[in-house]
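Participant: Sharing a structure, written as structure tokens. Questions coming.
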Amino acid sequence: MSTRTSIATAALIAMASAFGAQAQAPAPKSIKMQSTWPASNTLQEHFKMFAERVDKLTQGGIKIDAMAAGQIVPPFEVLDATNKKVIDGWHAIAYYWVGKSPAAALFAAPPGGPFGMDHMDYLGWLHVGGGLQMWRDFYQNDLKLNVIVWPAHPSSPQAFGWFKKPLRSVADIKGLKCR
């Protein structure tokens, strides 16, 4: 199972505001975020855990409403909805936006990862090798979106699939339909 690279546009702003919030003690900031995951999906559970951790780290100063797919907008409209300020942020994986640009897949972790990197190599590329700035520039300059990307956790390798019969050779794959 893939944990997929999750995107949270409001995460850093939320963390930065938390430090100021502690000094001034204003009312808690509420952030509406929606995922592309159904409520029953493990990835939605991860998103809820992220929201709980932000709440704990900010001592209740920031409350993220971690909504499941479709609660405000259809699942694959969360990026545009954030850009249009319908919601404050989203939780998804970048390769969902390949319809906007095939380059979006570079910022996700499909099987084998981008450029064949595993999730640890990918994190190194993001945080030390300039990948995160490239990702942000891509969304703002190429896609012309008023959003800031914040990876929440790395992706793991994805499973090839689950099949009714064992696959023992490449020939067994021929004709199979899979996602």
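So you can find residues: chains in the structure tokens are A, B, ... in the order shown, residues in each start at 1, and ligands are numbered from 1 in order.
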What lies within 10 Å of Lys100 in chain A using only C-alpha atoms, ignoring chain neighbours under 5 positions off, as a list in words?

Facilitator: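 Once the nearby chain positions are removed, what remains is Tyr95, Asp142 and Leu143 of chain A.
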
Participant: Please identify all polymer residues within 7 Å of Asp65 in chain A, counting only C-alpha atoms, omitting same-chain residues fewer than 5 positions from it, and present them as a list of chain:residue names.

Facilitator: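 Neighbouring residues, sequence-local ones excluded: A:Ile31, A:Lys32, A:Met33.
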
Participant: Distance CA of Asp55 in chain A-CA of Val149 in chain A, one decimal place?

Facilitator: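 According to the coordinates, CA of Asp55 in chain A and CA of Val149 in chain A are separated by 19.8 Å.
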
Participant: Please, which residues of range 38-178 of chain A, numbered as in this document, come out helix (DSSP H, G or I) from DSSP, as number ranges by chain?

Facilitator: A: 42-57, 75-83, 94-97, 102-107, 114-116, 119-127, 131-142, 170-173

Participant: Between A:Ile62, A:Met67, A:Arg168, A:Val78, which is the closest to His46 in chain A once you count only C-alpha atoms?

Facilitator: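 Closest candidate: A:Met67.
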
Participant: Of the residues A:Ile173, A:Ala51, A:Ala39, A:Ala104, which is the one nearest to Met134 in chain A, using only C-alpha atoms?

Facilitator: A:Ala104

Participant: Considering only C-alpha atoms, can you say which of A:Val73, A:Ala92, A:Val128, A:Ala27 comes closest to Gln59 in chain A?

Facilitator: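 Checking each of A:Val73, A:Ala92, A:Val128, A:Ala27 against Gln59 in chain A, counting only C-alpha atoms, the winner is A:Ala27.
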
Participant: Excluding Ser35 in chain A and any residue of its chain fewer than 6 positions from it, enumerate the residues within 6 Å of it, using only C-alpha atoms, and give them as a ChimeraX atom specification.

Facilitator: /A:68-69,90-92

Participant: What's around Gly131 in chain A at 12 Å? Count only C-alpha atoms, leave out sequence neighbours fewer than 3 positions away in its own chain, and write the answer as number ranges by chain.

Facilitator: A: 106-108, 114, 121-128, 134-138, 149-151
